[in-house]
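Engineer: Next up, final-v2.tsv (TSV, C-alpha atoms).
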chain	number	residue	atom	x	y	z
A	1	ALA	CA	5.96	-9.45	13.21
A	2	GLN	CA	4.75	-9.83	9.67
A	3	SER	CA	7.06	-8.80	6.84
A	4	VAL	CA	7.39	-8.94	3.08
A	5	THR	CA	10.52	-9.21	0.95
A	6	GLN	CA	10.64	-8.26	-2.70
A	7	PRO	CA	14.19	-9.12	-3.75
A	8	ASP	CA	14.10	-7.39	-7.13
A	9	ILE	CA	14.22	-3.61	-6.98
A	10	HIS	CA	14.06	-3.11	-10.73
A	11	ILE	CA	13.19	-5.46	-13.60
A	12	THR	CA	13.32	-4.81	-17.33
A	13	VAL	CA	11.44	-7.00	-19.79
A	14	SER	CA	10.68	-6.77	-23.48
A	15	GLU	CA	7.12	-6.21	-24.58
A	16	GLY	CA	5.48	-9.57	-25.22
A	17	ALA	CA	7.84	-11.45	-22.90
A	18	SER	CA	6.68	-13.25	-19.79
A	19	LEU	CA	7.05	-11.73	-16.34
A	20	GLU	CA	7.54	-13.07	-12.84
A	21	LEU	CA	7.91	-10.79	-9.82
A	22	ARG	CA	9.05	-12.43	-6.62
A	23	CYS	CA	7.56	-12.01	-3.17
A	24	ASN	CA	8.38	-13.78	0.09
A	25	TYR	CA	6.47	-13.18	3.27
A	26	SER	CA	6.82	-13.87	6.95
A	27	TYR	CA	3.66	-14.43	8.96
A	28	GLY	CA	2.77	-16.73	11.83
A	29	ALA	CA	-0.63	-17.93	10.64
A	30	THR	CA	-2.44	-18.16	7.34
A	31	PRO	CA	-1.73	-14.87	5.62
A	32	TYR	CA	-3.87	-12.62	3.53
A	33	LEU	CA	-1.67	-11.80	0.53
A	34	PHE	CA	-2.02	-9.00	-1.97
A	35	TRP	CA	-0.39	-7.52	-5.04
A	36	TYR	CA	-0.90	-3.82	-5.71
A	37	VAL	CA	0.26	-1.75	-8.68
A	38	GLN	CA	1.20	1.92	-8.67
A	39	SER	CA	1.48	3.95	-11.85
A	40	PRO	CA	3.62	7.11	-11.69
A	41	GLY	CA	2.00	9.84	-9.60
A	42	GLN	CA	-0.93	7.64	-8.67
A	43	GLY	CA	-2.21	5.79	-5.65
A	44	LEU	CA	-2.15	2.01	-5.41
A	45	GLN	CA	-4.60	-0.29	-7.15
A	46	LEU	CA	-5.32	-3.87	-6.12
A	47	LEU	CA	-4.27	-6.43	-8.74
A	48	LEU	CA	-5.24	-9.60	-6.89
A	49	LYS	CA	-5.52	-11.17	-3.47
A	50	TYR	CA	-5.29	-14.56	-1.78
A	51	PHE	CA	-7.17	-15.42	1.38
A	52	SER	CA	-7.81	-19.17	1.13
A	53	GLY	CA	-8.74	-21.92	-1.30
A	54	ASP	CA	-7.18	-22.32	-4.71
A	55	THR	CA	-3.53	-21.34	-4.47
A	56	LEU	CA	-3.47	-19.92	-8.01
A	57	VAL	CA	-5.38	-16.67	-8.10
A	58	GLN	CA	-6.33	-14.57	-11.09
A	59	GLY	CA	-6.37	-10.83	-11.05
A	60	ILE	CA	-7.03	-7.88	-13.27
A	61	LYS	CA	-5.06	-6.99	-16.40
A	62	GLY	CA	-4.15	-10.65	-17.04
A	63	PHE	CA	-2.03	-11.09	-13.91
A	64	GLU	CA	-1.97	-14.19	-11.74
A	65	ALA	CA	-0.15	-15.21	-8.58
A	66	GLU	CA	0.54	-18.52	-6.89
A	67	PHE	CA	0.61	-19.01	-3.13
A	68	LYS	CA	3.22	-21.55	-2.04
A	69	ARG	CA	3.07	-22.11	1.69
A	70	SER	CA	6.16	-24.33	1.77
A	71	GLN	CA	8.24	-21.56	0.22
A	72	SER	CA	6.45	-18.64	1.91
A	73	SER	CA	6.09	-17.13	-1.53
A	74	PHE	CA	3.43	-15.35	-3.53
A	75	ASN	CA	4.98	-14.61	-6.92
A	76	LEU	CA	3.19	-12.52	-9.52
A	77	ARG	CA	3.16	-13.64	-13.15
A	78	LYS	CA	1.96	-12.48	-16.52
A	79	PRO	CA	2.43	-14.51	-19.73
A	80	SER	CA	2.87	-11.53	-22.07
A	81	VAL	CA	3.76	-8.04	-20.87
A	82	HIS	CA	2.33	-4.91	-22.46
A	83	TRP	CA	3.99	-1.49	-22.45
A	84	SER	CA	1.17	-0.23	-20.23
A	85	ASP	CA	2.29	-2.65	-17.49
A	86	ALA	CA	5.28	-0.44	-16.72
A	87	ALA	CA	4.72	0.58	-13.11
A	88	GLU	CA	5.80	-0.25	-9.58
A	89	TYR	CA	4.44	-3.42	-8.02
A	90	PHE	CA	3.99	-4.02	-4.32
A	91	CYS	CA	3.41	-7.29	-2.52
A	92	ALA	CA	1.64	-7.04	0.83
A	93	VAL	CA	0.58	-9.26	3.73
A	94	GLY	CA	-2.23	-8.83	6.22
A	95	SER	CA	-4.14	-10.76	8.83
A	96	GLY	CA	-7.66	-10.23	7.57
A	97	GLY	CA	-10.56	-8.39	9.12
A	98	TYR	CA	-9.33	-5.32	10.92
A	99	GLN	CA	-5.88	-5.78	9.62
A	100	LYS	CA	-2.57	-4.07	9.50
A	101	VAL	CA	-1.28	-4.49	5.99
A	102	THR	CA	2.48	-4.59	5.59
A	103	PHE	CA	3.98	-3.78	2.20
A	104	GLY	CA	7.20	-4.83	0.55
A	105	THR	CA	9.65	-2.33	-0.83
A	106	GLY	CA	8.33	-2.68	-4.35
A	107	THR	CA	9.63	-3.78	-7.75
A	108	LYS	CA	9.79	-1.24	-10.53
A	109	LEU	CA	8.98	-2.77	-13.92
A	110	GLN	CA	10.33	-1.27	-17.11
A	111	VAL	CA	8.99	-2.53	-20.44
A	112	ILE	CA	11.11	-2.04	-23.55
A	113	PRO	CA	9.78	-2.28	-27.11
B	1	ASN	CA	-18.25	8.13	-5.83
B	2	ALA	CA	-15.38	10.09	-4.31
B	3	GLY	CA	-13.75	7.15	-2.49
B	4	VAL	CA	-10.79	8.34	-0.41
B	5	THR	CA	-9.99	12.02	-0.66
B	6	GLN	CA	-6.72	13.50	0.54
B	7	THR	CA	-5.89	17.17	0.84
B	8	PRO	CA	-3.66	18.94	0.07
B	9	LYS	CA	-1.93	17.26	-2.89
B	10	PHE	CA	1.30	19.19	-2.36
B	11	GLN	CA	2.71	21.00	0.65
B	12	VAL	CA	5.99	22.67	1.51
B	13	LEU	CA	6.81	23.30	5.17
B	14	LYS	CA	9.68	24.81	7.06
B	15	THR	CA	11.31	22.83	9.84
B	16	GLY	CA	9.32	23.21	13.03
B	17	GLN	CA	6.03	24.12	11.41
B	18	SER	CA	2.92	22.11	12.11
B	19	MET	CA	0.23	20.98	9.74
B	20	THR	CA	-2.59	18.51	9.27
B	21	LEU	CA	-3.03	16.21	6.31
B	22	GLN	CA	-6.70	15.56	5.71
B	23	CYS	CA	-8.24	12.25	4.73
B	24	ALA	CA	-11.92	11.55	4.19
B	25	GLN	CA	-13.76	8.52	2.84
B	26	ASP	CA	-17.38	8.18	1.84
B	27	MET	CA	-17.65	4.38	1.82
B	28	ASN	CA	-18.52	3.97	5.50
B	29	HIS	CA	-15.31	2.02	6.03
B	30	GLU	CA	-14.36	1.24	9.60
B	31	TYR	CA	-10.66	0.74	8.93
B	32	MET	CA	-8.48	3.70	7.95
B	33	SER	CA	-4.72	4.04	7.83
B	34	TRP	CA	-1.85	6.34	6.94
B	35	TYR	CA	1.27	5.26	5.07
B	36	ARG	CA	4.35	7.09	3.99
B	37	GLN	CA	6.19	6.15	0.81
B	38	ASP	CA	9.90	6.76	0.42
B	39	PRO	CA	12.19	5.60	-2.41
B	40	GLY	CA	13.48	2.10	-1.75
B	41	MET	CA	11.41	1.78	1.43
B	42	GLY	CA	8.01	0.89	0.01
B	43	LEU	CA	4.99	1.92	2.05
B	44	ARG	CA	5.36	2.05	5.81
B	45	LEU	CA	2.39	2.17	8.14
B	46	ILE	CA	2.28	5.25	10.37
B	47	HIS	CA	-1.02	4.94	12.25
B	48	TYR	CA	-4.27	3.13	11.75
B	49	SER	CA	-7.80	3.11	13.13
B	50	VAL	CA	-10.42	0.38	13.34
B	51	GLY	CA	-13.29	2.74	14.12
B	52	ALA	CA	-14.26	6.09	15.56
B	53	GLY	CA	-12.40	6.75	18.78
B	54	ILE	CA	-9.90	3.90	18.23
B	55	THR	CA	-6.39	4.43	16.90
B	56	ASP	CA	-3.12	2.54	17.10
B	57	GLN	CA	0.48	2.91	16.05
B	58	GLY	CA	2.05	1.36	13.00
B	59	GLU	CA	5.72	0.88	12.14
B	60	VAL	CA	6.81	4.54	12.05
B	61	PRO	CA	4.55	6.61	14.36
B	62	ASN	CA	7.10	9.01	15.83
B	63	GLY	CA	6.43	12.65	14.97
B	64	TYR	CA	2.83	12.02	13.93
B	65	ASN	CA	-0.50	12.18	15.75
B	66	VAL	CA	-3.92	10.98	14.68
B	67	SER	CA	-7.47	11.01	15.95
B	68	ARG	CA	-10.69	9.51	14.68
B	69	SER	CA	-13.75	11.42	15.82
B	70	THR	CA	-15.97	10.29	12.93
B	71	THR	CA	-16.09	7.25	10.66
B	72	GLU	CA	-15.42	9.43	7.62
B	73	ASP	CA	-12.34	11.41	8.67
B	74	PHE	CA	-8.84	10.43	9.76
B	75	PRO	CA	-6.48	13.43	9.85
B	76	LEU	CA	-2.71	13.08	10.29
B	77	ARG	CA	-0.96	15.79	12.29
B	78	LEU	CA	2.68	16.76	12.14
B	79	LEU	CA	3.33	18.73	15.31
B	80	SER	CA	6.84	19.96	14.48
B	81	ALA	CA	7.90	19.07	10.96
B	82	ALA	CA	11.39	17.73	10.31
B	83	PRO	CA	13.24	17.19	7.00
B	84	SER	CA	13.04	13.43	7.66
B	85	GLN	CA	9.28	13.71	7.20
B	86	THR	CA	9.68	14.70	3.55
B	87	SER	CA	7.73	11.95	1.83
B	88	VAL	CA	4.59	11.04	-0.05
B	89	TYR	CA	1.72	10.25	2.29
B	90	PHE	CA	-1.14	7.94	1.44
B	91	CYS	CA	-4.38	7.43	3.28
B	92	ALA	CA	-6.21	4.14	2.81
B	93	SER	CA	-9.45	2.58	4.02
B	94	SER	CA	-11.16	-0.78	3.96
B	95	ASP	CA	-14.33	-2.37	5.21
B	96	ARG	CA	-14.59	-4.91	8.03
B	97	GLY	CA	-13.61	-7.77	5.74
B	98	GLY	CA	-10.32	-6.13	4.89
B	99	GLU	CA	-10.31	-7.62	1.41
B	100	LYS	CA	-9.07	-4.50	-0.30
B	101	LEU	CA	-7.46	-1.23	0.63
B	102	PHE	CA	-8.78	1.84	-1.14
B	103	PHE	CA	-6.07	4.47	-1.48
B	104	GLY	CA	-6.22	8.20	-1.83
B	105	SER	CA	-4.13	9.93	-4.48
B	106	GLY	CA	-1.46	10.99	-2.03
B	107	THR	CA	0.05	14.13	-0.51
B	108	GLN	CA	3.58	15.10	-1.49
B	109	LEU	CA	5.18	16.83	1.49
B	110	SER	CA	8.52	18.62	1.50
B	111	VAL	CA	10.05	19.88	4.72
B	112	LEU	CA	12.86	22.37	4.23
Let me see whether you can do it: turn the structure in this file into structure tokens.

Structural biologist:
Amino acid sequence: AQSVTQPDIHITVSEGASLELRCNYSYGATPYLFWYVQSPGQGLQLLLKYFSGDTLVQGIKGFEAEFKRSQSSFNLRKPSVHWSDAAEYFCAVGSGGYQKVTFGTGTKLQVIP
Amino acid sequence: NAGVTQTPKFQVLKTGQSMTLQCAQDMNHEYMSWYRQDPGMGLRLIHYSVGAGITDQGEVPNGYNVSRSTTEDFPLRLLSAAPSQTSVYFCASSDRGGEKLFFGSGTQLSVL
């Protein structure tokens, strides 16, 4: 069965600092990988996705993620965090097409001035 | 464009009551799904559908029923609500390519 692990429940960073959120997945074949963001009281919004090709993918709001098959990881990064990035971030894995998408437990990001 | 519409936004039930959470999408998406979100648990898949007349169970289906009579609608039924079903429920849809899930704004359900 596919699964996702986000080891960090809560992360605090200073505004302007760099950010890396960790994600490890378990999947038998080539996974479809996603990062979603959820602002308080809102639904989820897609930040970026990886299906194939270049292992470094760019997303919205200046985020990027790198797929590392050997480490079963898909970590999310941002070089300089803004206060508006405070939210909860979810990594997810799917199989493509008509897919069941499995989410991790989320990482809540706090940004301090 | 409305996207994915969920109703109601808030609901309070008593134990044993039944209710239906509504979900409708206007993007002609074949794939629709229901998730519940609980603190520290992330989103867990309840049921999903790959087209009208086709449904399947996700990770946590017990206590919930679904049906898909049209492409647009995918209601979630709680037959006898329990306090353990207190949660925020999200409906999501995607097209055949599955490149992106479109989420509704959620239904906050409390079962007393």

Engineer: Which chain A residues are at most 9 Å from chain B (counting only C-alpha atoms), as number ranges by chain?

Structural biologist: A: 9, 32, 34, 41-46, 49, 51, 90, 94-106

Engineer: Would you mind listing what lies within 6 Å of range 5-8 of chain B as a PDB file with C-alpha atoms, in the frame of the given file, with all atoms listed in the file counted and same-chain residues fewer than 4 positions away left out?

Structural biologist:
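Result saved to around_22.pdb:
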ATOM      1  CA  GLN B  22      -6.700  15.560   5.710  1.00  0.00           C
ATOM      2  CA  CYS B  23      -8.240  12.250   4.730  1.00  0.00           C
ATOM      3  CA  ALA B  24     -11.920  11.550   4.190  1.00  0.00           C
ATOM      4  CA  GLY B 104      -6.220   8.200  -1.830  1.00  0.00           C
TER       5      GLY B 104
END

Engineer: Separation of CA of Gln110 in chain A and CA of Leu19 in chain A, in Å?

Structural biologist: 11.0 Å

Engineer: Considering all atoms listed in the file, can you say which of B:Asn65, B:Thr15, B:Thr70, B:Thr86 comes closest to Gly53 in chain B?

Structural biologist: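 Among the listed residues, B:Thr70 lies closest to Gly53 in chain B.
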
Engineer: To one decimal in Å, tell me the separation between CA of Pro79 in chain A and CA of Ala65 in chain A.

Structural biologist: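 Interatomic distance, CA of Pro79 in chain A to CA of Ala65 in chain A: 11.5 Å.
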
Engineer: Between CA of Ser18 in chain A and CA of Lys108 in chain A, what is the spacing in Å?

Structural biologist: 15.5 Å

Engineer: Of the candidates A:Leu47, A:Ala86, A:Val93, A:Ala17, which shows the shortest atom-to-atom distance to Thr30 in chain A, using only C-alpha atoms?

Structural biologist: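 Using only C-alpha atoms, the shortest distance to Thr30 in chain A belongs to A:Val93.
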
Engineer: Enclose the full set of atoms of range 63-80 of chain B listed in the file within a box whose edges lie along x, y and z, apply 6 Å of padding to each of the six sides, and report centre and edge lengths in Å to one decimal as lines of an AutoDock Vina configuration file.

Structural biologist:
center_x = -4.6
center_y = 13.6
center_z = 11.8
size_x = 34.9
size_y = 24.7
size_z = 20.3

Engineer: Show me, as a ChimeraX atom specification, the residues that have an atom within 8 Å of Lys78 in chain A when counting only C-alpha atoms, minus same-chain residues fewer than 3 positions from it.

Structural biologist: /A:18-20,62-64,81

Engineer: Between B:Ala82, B:Val60, B:Val111, B:Leu13, single out the one closest to Trp34 in chain B, counting all atoms listed in the file.

Structural biologist: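 Once distances to Trp34 in chain B are computed over all atoms listed in the file, the minimum belongs to B:Val60.
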
Engineer: Hey, what's within 8 Å of Val66 in chain B if we count all atoms listed in the file and toss same-chain stuff fewer than 4 positions away? As a ChimeraX atom specification, please?

Structural biologist: /B:47,55,74-77
